[in-house]
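*Asks:* Got a structure for you, written out below as structure tokens; questions coming shortly.
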Amino acid sequence: MSLSKRAGLISPSVTLAITAKAKKMKQDGIDVVGFGAGEPDFDTPDYIKEAAKNSIDSGFTKYTPASGIPELKEAICRKFKKDNDIDYETSEVIVSCGAKHSLYNVMQVICDEGDEVILPSPYWVSYPEQIKVSGAKPVFVETCEKDGFKITPDQLRKAITPKTKLFIINSPNNPTGSVYSKEELRLISDIIVEAGIYCISDEIYENIIYDGNKHISIASLDPGVKRLTLVINGVSKSYSMTGWRIGYTAGPKEIIQAMSNLQSHSTSNPTSFCQKASITALEGPKETQKIMVQEFNKRRDYIVERLNSIEGISCRKPEGAFYVFPNIFSLLEKSYTGQKIKDSVSLSQILLDKAKIAVVPGAAFGADNYLRLSYATSMENIIKGMDRMEEFVENLRGRT
Ligand SMILES: Cc1ncc(COP(=O)(O)O)c(C=O)c1O
């Protein structure tokens with residue numbers, strides 16, 4: 001007996017061991033400062049919880065249409081019009097069980113064996129695995145820190161081959177926090193249209209953006225690129241609703257229909273009352289979201305300043321999301337109490353063991369000279385964690 005070839009393609013997560021160890025240390029009463037969180041540390045706003053409770057009390061607890069309830073699709077269409085200036089009909093929208101599920105479904109219905117998918121790196125951890133499970137091959141394009149970790153038009157053009165089926169863009173970006181400007185997106189969209197390839201635009205961090213920047217959806221630029229783009233979004237990050245599992249996709253009707261067929265035979269509908277609560281999230285007051293983003297902004301400024309004040313670490317200021325992605329290249333090959341730092345994974349392990357800080361190695365995102373730290377944790381934790389990081393780096397030996 002053996003597992004399927006497909007199952008063999010999925011790599012175990014490099015972060016899993018460190019996350020599990022950090023959790024165990026915490027359970028054992030060790031004071032670990034965690035910078036690993038991929039979700040806001042704020043509670044879901046009360047008015048959204050109330051909507052879910054009311055929905056359960058009213059008996060809205062049965063199957064719904066597999067692709068989501070019409071009222072939520074209508075609310076999503078209104079959101080696209082209001083926030084992104086894009087016109088979608090409900091037949092161009094599908095609601096899934098979180099944005100991760102939306103992405104999975106898109107890849108399953110677009111990609112075939114032998115297709116190539118262009119993925120700028122650093123990338124979010126699940127993209128390569130989802131591409132591989134679809135039968136396609138990820139084609140990584142390494143972006144540069146000096147370009148703000150954004151793919152250049154020239155890089156994209158060079159990566160396109162007759163086998164290219166899809167290009168993935170994620171702005172604001174996890175892990176780098178980079179945000180593409182309208183001008184940059186326009187140049188990219190021209191290439192997509194000229195090559196006639198599909199584009200996934202993962203906009204899950206749309207609302208977590210700083211310094212007065214505005215998120216632009218590539219699908220809003222012109223009808224040509226809209227016809228080729230699948231916009232992915234959801235309520236997880238914007239409304240602190242990660243556990244509710246509601247994500248959505250908007251795009252060409254035929255693709256949405258194929259995703260709906262697939263979903264109808266796999267998960268069926270996303271949870272009924274979570275769909276109702278998501279209408280309230282999308283259409284309700286935005287005050288709590290504003291407060292959350294203001295708090296993230298303060299933490300971002302603080303953590304970037306502290307990291308840059310440590311000799312051997314440099315960190316660009318992210319424009320969005322809630323992660324910093326410091327460059328730790330100068331720390332590689334140094335050692336701490338005799339233990340050599342070979343790469344981002346060993347640095348993360350030593351940081352956890354010796355400094356009691358849990359971070360995610362850049363290798364998980366295809367960028368070994370970096371670490372990812374989430375600032376979706378209290379200011380108190382950030383201060384404590386940065387004090388520990390500073391002390392740890394001061395005690396490193398080797399490499400000049
Ligand atoms: C870039 C990116 N896309 C999608 C997701 C998935 O979001 P969801 O929790 O709605 O599945 C995440 C979650 O971490 C993410 O970082």
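Within each chain, counting starts at residue 1; across the structure tokens, chains are named A, B, ... in the order shown, with ligands numbered 1 upward in that order.
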List the neighbours of Val95 of chain A out to 6 Å using only C-alpha atoms; skip same-chain residues closer than 5 positions along the sequence, and give me the result as JSON, numbers by chain.
*Replies:* {"A": [67, 68, 247, 248]}
*Asks:* Any residue with an atom at most 9 Å from ligand 1 counts, using only C-alpha atoms and all ligand atoms. Which are they? Put them as a ChimeraX atom specification.
*Replies:* /A:38-39,96-103,123-127,170-175,202-205,232-237,241-248,321
*Asks:* For segment 272-279 of chain A, work out the shell of residues within 7 Å, counting only C-alpha atoms and skipping chain neighbours fewer than 5 positions away, then give it as number ranges by chain.
*Replies:* A: 48, 51-52, 55-56, 60-64, 72, 75, 235, 244, 246
*Asks:* Kindly indicate which residue among A:Ile168, A:Val141, A:Arg6, A:Ile188 lies nearest to Glu113 of chain A, using only C-alpha atoms for the distances.
*Replies:*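 Answer, going by the shortest atom-to-atom distance: A:Arg6.
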*Asks:* Compare A:Gln108, A:Ser134, A:Ser189, A:Gln349 by their minimum atom-to-atom distance to Pro153 of chain A, counting only C-alpha atoms, and give me the closest one.
*Replies:*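 Closest to Pro153 of chain A of all the choices is A:Ser189.
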*Asks:* What's around Asn327 of chain A at 7 Å? Count only C-alpha atoms, leave out sequence neighbours fewer than 3 positions away in its own chain, and write the answer as an MDAnalysis selection string.
*Replies:* chainID A and resid 313:315 369:371
*Asks:* Using the chain letters and numbers from this document, which residues of segment 73-201 of chain A does DSSP assign to strand (DSSP E or B), as a CSV table (one decimal) with all heavy atoms, in the first residue's frame?
*Replies:*
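Okay, this is what ended up in result_30.csv:
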```csv
chain,number,residue,atom,x,y,z
A,93,VAL,N,-19.3,35.4,-8.6
A,93,VAL,CA,-18.7,35.4,-7.3
A,93,VAL,C,-19.0,34.0,-6.7
A,93,VAL,O,-20.1,33.5,-6.8
A,93,VAL,CB,-19.4,36.5,-6.4
A,93,VAL,CG1,-19.1,36.3,-4.9
A,93,VAL,CG2,-19.0,37.9,-6.9
A,94,ILE,N,-18.0,33.4,-6.0
A,94,ILE,CA,-18.3,32.2,-5.2
A,94,ILE,C,-17.7,32.4,-3.8
A,94,ILE,O,-16.6,33.0,-3.6
A,94,ILE,CB,-17.7,31.0,-5.9
A,94,ILE,CG1,-17.8,29.7,-4.9
A,94,ILE,CG2,-16.2,31.2,-6.3
A,94,ILE,CD1,-17.5,28.4,-5.6
A,95,VAL,N,-18.5,32.0,-2.8
A,95,VAL,CA,-18.0,32.0,-1.4
A,95,VAL,C,-17.5,30.6,-1.0
A,95,VAL,O,-18.1,29.6,-1.3
A,95,VAL,CB,-19.2,32.4,-0.4
A,95,VAL,CG1,-18.6,32.6,1.0
A,95,VAL,CG2,-19.9,33.6,-1.0
A,96,SER,N,-16.3,30.6,-0.4
A,96,SER,CA,-15.7,29.3,0.0
A,96,SER,C,-15.3,29.3,1.5
A,96,SER,O,-15.5,30.3,2.2
A,96,SER,CB,-14.4,29.1,-0.9
A,96,SER,OG,-14.8,29.0,-2.3
A,116,GLU,N,2.6,25.9,-16.3
A,116,GLU,CA,3.5,26.6,-15.4
A,116,GLU,C,2.8,27.8,-14.7
A,116,GLU,O,2.0,28.5,-15.3
A,116,GLU,CB,4.7,27.2,-16.2
A,116,GLU,CG,5.7,26.1,-16.7
A,116,GLU,CD,6.8,26.6,-17.5
A,116,GLU,OE1,6.9,27.8,-17.8
A,116,GLU,OE2,7.7,25.8,-17.9
A,117,VAL,N,3.1,28.0,-13.4
A,117,VAL,CA,2.5,29.1,-12.7
A,117,VAL,C,3.6,30.0,-12.2
A,117,VAL,O,4.5,29.5,-11.5
A,117,VAL,CB,1.6,28.6,-11.5
A,117,VAL,CG1,1.1,29.7,-10.7
A,117,VAL,CG2,0.5,27.6,-12.0
A,118,ILE,N,3.6,31.2,-12.5
A,118,ILE,CA,4.6,32.2,-12.1
A,118,ILE,C,4.3,32.7,-10.7
A,118,ILE,O,3.2,33.3,-10.5
A,118,ILE,CB,4.8,33.3,-13.2
A,118,ILE,CG1,5.2,32.7,-14.5
A,118,ILE,CG2,5.8,34.3,-12.7
A,118,ILE,CD1,5.2,33.7,-15.6
A,119,LEU,N,5.3,32.5,-9.8
A,119,LEU,CA,5.1,32.9,-8.5
A,119,LEU,C,6.3,33.8,-8.0
A,119,LEU,O,7.4,33.2,-7.9
A,119,LEU,CB,5.0,31.6,-7.6
A,119,LEU,CG,4.7,31.8,-6.1
A,119,LEU,CD1,3.4,32.6,-5.9
A,119,LEU,CD2,4.7,30.4,-5.4
A,120,PRO,N,6.0,35.1,-7.7
A,120,PRO,CA,7.1,35.9,-7.2
A,120,PRO,C,7.5,35.4,-5.8
A,120,PRO,O,6.7,35.0,-5.0
A,120,PRO,CB,6.5,37.3,-7.1
A,120,PRO,CG,5.3,37.3,-8.0
A,120,PRO,CD,4.8,35.8,-7.9
A,121,SER,N,8.8,35.3,-5.6
A,121,SER,CA,9.3,35.0,-4.2
A,121,SER,C,10.0,36.2,-3.6
A,121,SER,O,10.6,36.9,-4.3
A,121,SER,CB,10.2,33.7,-4.3
A,121,SER,OG,11.5,34.1,-4.2
A,137,LYS,N,3.4,23.4,-12.4
A,137,LYS,CA,4.8,23.5,-11.8
A,137,LYS,C,5.0,25.0,-11.4
A,137,LYS,O,4.7,25.9,-12.2
A,137,LYS,CB,5.8,23.2,-12.9
A,137,LYS,CG,7.2,23.2,-12.6
A,137,LYS,CD,8.1,22.8,-13.7
A,137,LYS,CE,9.3,23.7,-13.7
A,137,LYS,NZ,9.9,24.0,-15.0
A,138,PRO,N,5.4,25.2,-10.2
A,138,PRO,CA,5.6,26.6,-9.8
A,138,PRO,C,6.9,27.1,-10.4
A,138,PRO,O,7.9,26.4,-10.4
A,138,PRO,CB,5.8,26.6,-8.2
A,138,PRO,CG,5.9,25.1,-7.9
A,138,PRO,CD,5.6,24.3,-9.0
A,139,VAL,N,6.9,28.3,-11.0
A,139,VAL,CA,8.1,28.9,-11.5
A,139,VAL,C,8.4,30.1,-10.7
A,139,VAL,O,7.6,31.1,-10.7
A,139,VAL,CB,7.9,29.3,-13.0
A,139,VAL,CG1,9.1,30.1,-13.5
A,139,VAL,CG2,7.6,28.1,-13.9
A,140,PHE,N,9.4,30.0,-9.8
A,140,PHE,CA,9.7,31.1,-8.9
A,140,PHE,C,10.5,32.2,-9.5
A,140,PHE,O,11.4,31.9,-10.2
A,140,PHE,CB,10.5,30.5,-7.7
A,140,PHE,CG,9.8,29.4,-7.0
A,140,PHE,CD1,10.2,28.1,-7.1
A,140,PHE,CD2,8.7,29.6,-6.2
A,140,PHE,CE1,9.5,27.0,-6.5
A,140,PHE,CE2,8.0,28.6,-5.5
A,140,PHE,CZ,8.4,27.3,-5.7
A,141,VAL,N,10.1,33.4,-9.2
A,141,VAL,CA,10.8,34.6,-9.7
A,141,VAL,C,11.2,35.3,-8.5
A,141,VAL,O,10.4,35.9,-7.7
A,141,VAL,CB,10.0,35.5,-10.6
A,141,VAL,CG1,10.7,36.7,-11.0
A,141,VAL,CG2,9.5,34.7,-11.9
A,142,GLU,N,12.6,35.3,-8.3
A,142,GLU,CA,13.1,36.0,-7.0
A,142,GLU,C,13.1,37.5,-7.1
A,142,GLU,O,13.7,38.0,-8.0
A,142,GLU,CB,14.5,35.5,-6.8
A,142,GLU,CG,15.0,35.6,-5.4
A,142,GLU,CD,16.4,35.0,-5.2
A,142,GLU,OE1,16.6,33.9,-5.8
A,142,GLU,OE2,17.1,35.6,-4.5
A,164,THR,N,3.1,28.8,-19.7
A,164,THR,CA,2.5,29.6,-18.6
A,164,THR,C,1.0,29.7,-18.6
A,164,THR,O,0.5,30.1,-19.6
A,164,THR,CB,3.1,31.1,-18.6
A,164,THR,OG1,4.5,30.9,-18.7
A,164,THR,CG2,2.7,31.8,-17.4
A,165,LYS,N,0.4,29.4,-17.5
A,165,LYS,CA,-1.1,29.4,-17.5
A,165,LYS,C,-1.5,30.5,-16.5
A,165,LYS,O,-2.6,31.2,-16.7
A,165,LYS,CB,-1.6,28.1,-16.9
A,165,LYS,CG,-3.1,27.8,-17.0
A,165,LYS,CD,-3.5,27.6,-18.4
A,165,LYS,CE,-4.9,27.2,-18.6
A,165,LYS,NZ,-5.2,25.8,-18.4
A,166,LEU,N,-0.7,30.8,-15.5
A,166,LEU,CA,-1.2,31.6,-14.4
A,166,LEU,C,-0.1,32.4,-13.8
A,166,LEU,O,1.1,31.9,-13.7
A,166,LEU,CB,-1.8,30.7,-13.4
A,166,LEU,CG,-2.4,31.2,-12.1
A,166,LEU,CD1,-3.5,32.1,-12.2
A,166,LEU,CD2,-2.8,30.0,-11.2
A,167,PHE,N,-0.4,33.6,-13.3
A,167,PHE,CA,0.5,34.4,-12.5
A,167,PHE,C,-0.1,34.8,-11.2
A,167,PHE,O,-1.3,35.1,-11.2
A,167,PHE,CB,0.9,35.7,-13.3
A,167,PHE,CG,1.6,36.7,-12.5
A,167,PHE,CD1,2.8,36.5,-12.0
A,167,PHE,CD2,0.9,38.0,-12.3
A,167,PHE,CE1,3.4,37.5,-11.2
A,167,PHE,CE2,1.5,39.0,-11.6
A,167,PHE,CZ,2.8,38.8,-11.0
A,168,ILE,N,0.6,34.7,-10.1
A,168,ILE,CA,0.0,35.0,-8.8
A,168,ILE,C,0.6,36.3,-8.2
A,168,ILE,O,1.8,36.4,-8.1
A,168,ILE,CB,0.2,33.9,-7.8
A,168,ILE,CG1,-0.4,32.6,-8.3
A,168,ILE,CG2,-0.4,34.2,-6.4
A,168,ILE,CD1,-0.3,31.4,-7.4
A,169,ILE,N,-0.3,37.2,-7.8
A,169,ILE,CA,0.2,38.4,-7.2
A,169,ILE,C,-0.5,38.6,-5.9
A,169,ILE,O,-1.7,38.2,-5.8
A,169,ILE,CB,0.0,39.7,-8.1
A,169,ILE,CG1,0.6,40.9,-7.5
A,169,ILE,CG2,-1.5,40.0,-8.4
A,169,ILE,CD1,0.9,42.0,-8.5
A,170,ASN,N,0.2,39.0,-4.8
A,170,ASN,CA,-0.4,39.1,-3.5
A,170,ASN,C,0.0,40.5,-2.9
A,170,ASN,O,1.2,40.7,-2.6
A,170,ASN,CB,0.2,38.0,-2.6
A,170,ASN,CG,-0.1,38.1,-1.2
A,170,ASN,OD1,0.7,37.8,-0.3
A,170,ASN,ND2,-1.3,38.6,-0.8
A,198,TYR,N,-3.8,33.7,-17.1
A,198,TYR,CA,-4.7,34.1,-16.0
A,198,TYR,C,-3.8,34.7,-14.9
A,198,TYR,O,-2.6,34.5,-14.8
A,198,TYR,CB,-5.4,32.8,-15.4
A,198,TYR,CG,-6.5,32.3,-16.3
A,198,TYR,CD1,-6.4,31.1,-16.9
A,198,TYR,CD2,-7.6,33.1,-16.6
A,198,TYR,CE1,-7.4,30.6,-17.7
A,198,TYR,CE2,-8.6,32.7,-17.4
A,198,TYR,CZ,-8.5,31.4,-17.9
A,198,TYR,OH,-9.5,30.9,-18.7
A,199,CYS,N,-4.6,35.5,-14.0
A,199,CYS,CA,-3.9,36.1,-12.9
A,199,CYS,C,-4.7,35.9,-11.6
A,199,CYS,O,-6.0,36.1,-11.6
A,199,CYS,CB,-3.8,37.6,-13.2
A,199,CYS,SG,-3.2,38.6,-11.7
A,200,ILE,N,-4.1,35.4,-10.6
A,200,ILE,CA,-4.8,35.4,-9.3
A,200,ILE,C,-4.3,36.6,-8.5
A,200,ILE,O,-3.1,36.8,-8.4
A,200,ILE,CB,-4.4,34.1,-8.4
A,200,ILE,CG1,-5.1,32.9,-9.0
A,200,ILE,CG2,-4.7,34.3,-7.0
A,200,ILE,CD1,-4.8,31.6,-8.2
A,201,SER,N,-5.2,37.4,-8.0
A,201,SER,CA,-4.8,38.5,-7.2
A,201,SER,C,-5.3,38.3,-5.8
A,201,SER,O,-6.5,38.4,-5.5
A,201,SER,CB,-5.4,39.8,-7.8
A,201,SER,OG,-5.1,40.9,-7.0
```
*Asks:* Rank A:Leu396, A:Ala376, A:Ala195, A:Cys77 by their smallest atom-to-atom distance to Ile341 of chain A, using only C-alpha atoms, and report the top residue only.
*Replies:* A:Leu396
*Asks:* Per DSSP on the backbone, filter segment 159-392 of chain A down to the residues in alpha helix (DSSP H) and report them as a short mmCIF file (atom, residue, chain, number, x, y, z; two decimals) with N, CA and C atoms, in the first residue's frame.
*Replies:*
```
data_model
loop_
_atom_site.label_atom_id
_atom_site.label_comp_id
_atom_site.auth_asym_id
_atom_site.auth_seq_id
_atom_site.Cartn_x
_atom_site.Cartn_y
_atom_site.Cartn_z
N ALA A 159 9.84 35.48 -17.54
CA ALA A 159 9.41 34.20 -16.95
C ALA A 159 8.31 33.52 -17.76
N LYS A 182 -0.54 51.63 -8.28
CA LYS A 182 -1.38 51.53 -9.49
C LYS A 182 -0.51 51.47 -10.75
N GLU A 183 0.53 52.27 -10.76
CA GLU A 183 1.40 52.33 -11.95
C GLU A 183 2.10 50.97 -12.14
N GLU A 184 2.57 50.40 -11.05
CA GLU A 184 3.25 49.09 -11.14
C GLU A 184 2.27 48.02 -11.62
N LEU A 185 1.05 48.08 -11.09
CA LEU A 185 0.05 47.08 -11.50
C LEU A 185 -0.32 47.24 -12.97
N ARG A 186 -0.35 48.49 -13.42
CA ARG A 186 -0.71 48.72 -14.83
C ARG A 186 0.31 48.05 -15.75
N LEU A 187 1.59 48.19 -15.43
CA LEU A 187 2.63 47.59 -16.28
C LEU A 187 2.49 46.06 -16.28
N ILE A 188 2.19 45.51 -15.10
CA ILE A 188 2.03 44.06 -14.99
C ILE A 188 0.78 43.62 -15.76
N SER A 189 -0.29 44.37 -15.64
CA SER A 189 -1.54 43.96 -16.29
C SER A 189 -1.38 43.98 -17.82
N ASP A 190 -0.60 44.94 -18.34
CA ASP A 190 -0.37 44.97 -19.80
C ASP A 190 0.28 43.67 -20.26
N ILE A 191 1.22 43.18 -19.46
CA ILE A 191 1.94 41.94 -19.84
C ILE A 191 0.99 40.74 -19.77
N ILE A 192 0.15 40.72 -18.73
CA ILE A 192 -0.80 39.60 -18.57
C ILE A 192 -1.75 39.55 -19.78
N VAL A 193 -2.25 40.71 -20.15
CA VAL A 193 -3.21 40.76 -21.27
C VAL A 193 -2.51 40.36 -22.58
N GLU A 194 -1.32 40.89 -22.77
CA GLU A 194 -0.58 40.58 -24.01
C GLU A 194 -0.30 39.08 -24.10
N ALA A 195 0.06 38.46 -22.97
CA ALA A 195 0.40 37.03 -22.99
C ALA A 195 -0.85 36.15 -22.93
N PRO A 223 -11.03 46.29 -18.58
CA PRO A 223 -11.82 45.07 -18.80
C PRO A 223 -10.98 43.90 -19.30
N GLY A 224 -9.89 44.18 -20.00
CA GLY A 224 -9.03 43.12 -20.54
C GLY A 224 -8.43 42.29 -19.42
N VAL A 225 -7.88 42.97 -18.40
CA VAL A 225 -7.23 42.22 -17.32
C VAL A 225 -8.29 41.63 -16.38
N LYS A 226 -9.43 42.31 -16.27
CA LYS A 226 -10.51 41.78 -15.42
C LYS A 226 -10.95 40.40 -15.92
N LYS A 253 -17.25 34.14 -15.25
CA LYS A 253 -18.36 33.24 -14.92
C LYS A 253 -18.04 31.75 -15.09
N GLU A 254 -17.37 31.39 -16.20
CA GLU A 254 -17.11 29.97 -16.47
C GLU A 254 -16.20 29.38 -15.39
N ILE A 255 -15.23 30.18 -14.93
CA ILE A 255 -14.31 29.67 -13.90
C ILE A 255 -15.05 29.56 -12.57
N ILE A 256 -15.87 30.55 -12.26
CA ILE A 256 -16.63 30.53 -11.01
C ILE A 256 -17.58 29.33 -11.02
N GLN A 257 -18.19 29.05 -12.17
CA GLN A 257 -19.10 27.91 -12.27
C GLN A 257 -18.35 26.59 -12.04
N ALA A 258 -17.14 26.49 -12.63
CA ALA A 258 -16.34 25.26 -12.45
C ALA A 258 -15.95 25.10 -10.98
N MET A 259 -15.61 26.20 -10.34
CA MET A 259 -15.25 26.15 -8.90
C MET A 259 -16.46 25.72 -8.07
N SER A 260 -17.61 26.22 -8.47
CA SER A 260 -18.84 25.88 -7.76
C SER A 260 -19.14 24.40 -7.89
N ASN A 261 -18.94 23.84 -9.09
CA ASN A 261 -19.15 22.40 -9.30
C ASN A 261 -18.21 21.60 -8.40
N LEU A 262 -16.94 22.01 -8.38
CA LEU A 262 -15.96 21.30 -7.56
C LEU A 262 -16.35 21.38 -6.08
N GLN A 263 -16.70 22.59 -5.66
CA GLN A 263 -17.04 22.80 -4.24
C GLN A 263 -18.28 22.00 -3.84
N SER A 264 -19.21 21.86 -4.79
CA SER A 264 -20.45 21.14 -4.47
C SER A 264 -20.18 19.66 -4.19
N SER A 272 -23.28 28.05 7.28
CA SER A 272 -24.45 28.92 7.01
C SER A 272 -24.43 30.22 7.81
N PHE A 273 -24.31 30.13 9.15
CA PHE A 273 -24.43 31.36 9.95
C PHE A 273 -23.18 32.24 9.85
N CYS A 274 -22.05 31.65 9.46
CA CYS A 274 -20.85 32.48 9.23
C CYS A 274 -21.05 33.32 7.96
N GLN A 275 -21.78 32.77 7.00
CA GLN A 275 -22.08 33.56 5.80
C GLN A 275 -22.93 34.76 6.18
N LYS A 276 -23.95 34.54 7.01
CA LYS A 276 -24.82 35.65 7.44
C LYS A 276 -23.99 36.71 8.17
N ALA A 277 -23.13 36.25 9.09
CA ALA A 277 -22.33 37.21 9.86
C ALA A 277 -21.37 37.98 8.95
N SER A 278 -20.95 37.34 7.85
CA SER A 278 -20.03 38.01 6.93
C SER A 278 -20.71 39.17 6.20
N ILE A 279 -22.02 39.06 6.00
CA ILE A 279 -22.75 40.19 5.40
C ILE A 279 -22.64 41.37 6.35
N THR A 280 -22.87 41.10 7.65
CA THR A 280 -22.77 42.17 8.65
C THR A 280 -21.35 42.74 8.68
N ALA A 281 -20.36 41.88 8.58
CA ALA A 281 -18.96 42.36 8.58
C ALA A 281 -18.73 43.30 7.41
N LEU A 282 -19.15 42.88 6.22
CA LEU A 282 -18.88 43.68 5.02
C LEU A 282 -19.66 44.99 5.01
N GLU A 283 -20.86 44.96 5.57
CA GLU A 283 -21.73 46.14 5.44
C GLU A 283 -21.81 46.97 6.72
N GLU A 287 -15.37 51.04 12.35
CA GLU A 287 -14.63 51.66 13.44
C GLU A 287 -13.59 50.72 14.06
N THR A 288 -14.02 49.48 14.36
CA THR A 288 -13.09 48.55 15.04
C THR A 288 -11.91 48.20 14.12
N GLN A 289 -12.20 48.14 12.82
CA GLN A 289 -11.14 47.84 11.86
C GLN A 289 -10.10 48.99 11.86
N LYS A 290 -10.62 50.22 11.93
CA LYS A 290 -9.74 51.39 11.93
C LYS A 290 -8.83 51.37 13.17
N ILE A 291 -9.43 51.03 14.31
CA ILE A 291 -8.65 51.00 15.57
C ILE A 291 -7.56 49.93 15.47
N MET A 292 -7.93 48.77 14.91
CA MET A 292 -6.96 47.68 14.76
C MET A 292 -5.78 48.12 13.87
N VAL A 293 -6.10 48.74 12.76
CA VAL A 293 -5.04 49.14 11.82
C VAL A 293 -4.15 50.22 12.46
N GLN A 294 -4.77 51.14 13.22
CA GLN A 294 -3.96 52.17 13.91
C GLN A 294 -2.98 51.53 14.89
N GLU A 295 -3.46 50.52 15.59
CA GLU A 295 -2.61 49.83 16.56
C GLU A 295 -1.48 49.08 15.84
N PHE A 296 -1.82 48.39 14.75
CA PHE A 296 -0.79 47.71 13.95
C PHE A 296 0.26 48.71 13.48
N ASN A 297 -0.20 49.88 13.07
CA ASN A 297 0.70 50.91 12.57
C ASN A 297 1.72 51.31 13.63
N LYS A 298 1.26 51.52 14.87
CA LYS A 298 2.17 51.89 15.97
C LYS A 298 3.21 50.80 16.19
N ARG A 299 2.72 49.56 16.20
CA ARG A 299 3.62 48.42 16.44
C ARG A 299 4.63 48.28 15.31
N ARG A 300 4.16 48.48 14.08
CA ARG A 300 5.05 48.39 12.92
C ARG A 300 6.19 49.39 13.06
N ASP A 301 5.85 50.66 13.37
CA ASP A 301 6.87 51.69 13.49
C ASP A 301 7.89 51.30 14.56
N TYR A 302 7.37 50.79 15.68
CA TYR A 302 8.26 50.45 16.80
C TYR A 302 9.19 49.29 16.44
N ILE A 303 8.61 48.21 15.92
CA ILE A 303 9.42 47.00 15.67
C ILE A 303 10.45 47.24 14.56
N VAL A 304 10.10 48.03 13.56
CA VAL A 304 11.04 48.32 12.48
C VAL A 304 12.22 49.12 13.04
N GLU A 305 11.90 50.10 13.90
CA GLU A 305 12.95 50.93 14.48
C GLU A 305 13.88 50.08 15.35
N ARG A 306 13.29 49.24 16.17
CA ARG A 306 14.11 48.40 17.06
C ARG A 306 15.00 47.45 16.25
N LEU A 307 14.42 46.81 15.22
CA LEU A 307 15.21 45.86 14.42
C LEU A 307 16.37 46.57 13.73
N ASN A 308 16.10 47.76 13.18
CA ASN A 308 17.15 48.48 12.47
C ASN A 308 18.23 49.01 13.41
N SER A 344 18.37 30.38 7.89
CA SER A 344 17.27 31.00 8.66
C SER A 344 16.58 29.99 9.58
N VAL A 345 16.61 28.71 9.18
CA VAL A 345 15.96 27.69 10.03
C VAL A 345 16.77 27.50 11.31
N SER A 346 18.11 27.38 11.16
CA SER A 346 18.90 27.18 12.39
C SER A 346 18.87 28.43 13.25
N LEU A 347 18.83 29.63 12.64
CA LEU A 347 18.73 30.86 13.45
C LEU A 347 17.41 30.85 14.24
N SER A 348 16.34 30.45 13.59
CA SER A 348 15.04 30.43 14.28
C SER A 348 15.05 29.43 15.43
N GLN A 349 15.73 28.29 15.18
CA GLN A 349 15.79 27.29 16.24
C GLN A 349 16.60 27.79 17.45
N ILE A 350 17.74 28.44 17.15
CA ILE A 350 18.58 28.95 18.24
C ILE A 350 17.85 30.10 18.97
N MET A 379 2.01 45.16 22.30
CA MET A 379 3.20 46.02 22.34
C MET A 379 4.15 45.54 23.44
N GLU A 380 3.57 45.10 24.54
CA GLU A 380 4.38 44.61 25.66
C GLU A 380 5.25 43.42 25.20
N ASN A 381 4.63 42.50 24.46
CA ASN A 381 5.38 41.34 23.94
C ASN A 381 6.45 41.78 22.95
N ILE A 382 6.07 42.77 22.11
CA ILE A 382 7.04 43.22 21.09
C ILE A 382 8.26 43.84 21.78
N ILE A 383 8.03 44.65 22.79
CA ILE A 383 9.15 45.27 23.52
C ILE A 383 10.04 44.19 24.14
N LYS A 384 9.39 43.23 24.81
CA LYS A 384 10.14 42.16 25.46
C LYS A 384 10.93 41.35 24.42
N GLY A 385 10.28 41.02 23.31
CA GLY A 385 10.92 40.23 22.26
C GLY A 385 12.10 40.95 21.64
N MET A 386 11.95 42.27 21.42
CA MET A 386 13.04 43.03 20.82
C MET A 386 14.22 43.17 21.78
N ASP A 387 13.93 43.31 23.08
CA ASP A 387 15.01 43.35 24.07
C ASP A 387 15.81 42.05 24.01
N ARG A 388 15.08 40.94 23.90
CA ARG A 388 15.76 39.63 23.85
C ARG A 388 16.57 39.48 22.57
N MET A 389 16.00 39.93 21.47
CA MET A 389 16.69 39.82 20.17
C MET A 389 17.99 40.63 20.22
N GLU A 390 17.90 41.83 20.76
CA GLU A 390 19.06 42.72 20.85
C GLU A 390 20.18 42.06 21.66
N GLU A 391 19.80 41.53 22.78
CA GLU A 391 20.79 40.90 23.66
C GLU A 391 21.41 39.67 22.98
N PHE A 392 20.57 38.90 22.30
CA PHE A 392 21.03 37.70 21.61
C PHE A 392 22.07 38.08 20.55
#
```
*Asks:* Could you tell me how far atom CA of Tyr88 of chain A sits from atom CA of Glu71 of chain A, in Å to one decimal place?
*Replies:*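 Going from atom CA of Glu71 of chain A over to atom CA of Tyr88 of chain A, I get 14.0 Å.
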*Asks:* Rounded to one decimal in Å, what is the spacing between atom CA of Cys111 of chain A and atom CA of Gly135 of chain A?
*Replies:* 6.9 Å
*Asks:* Quick one: distance from atom CA of Lys317 of chain A to atom CA of Ser330 of chain A in Å, one decimal?
*Replies:* 18.7 Å
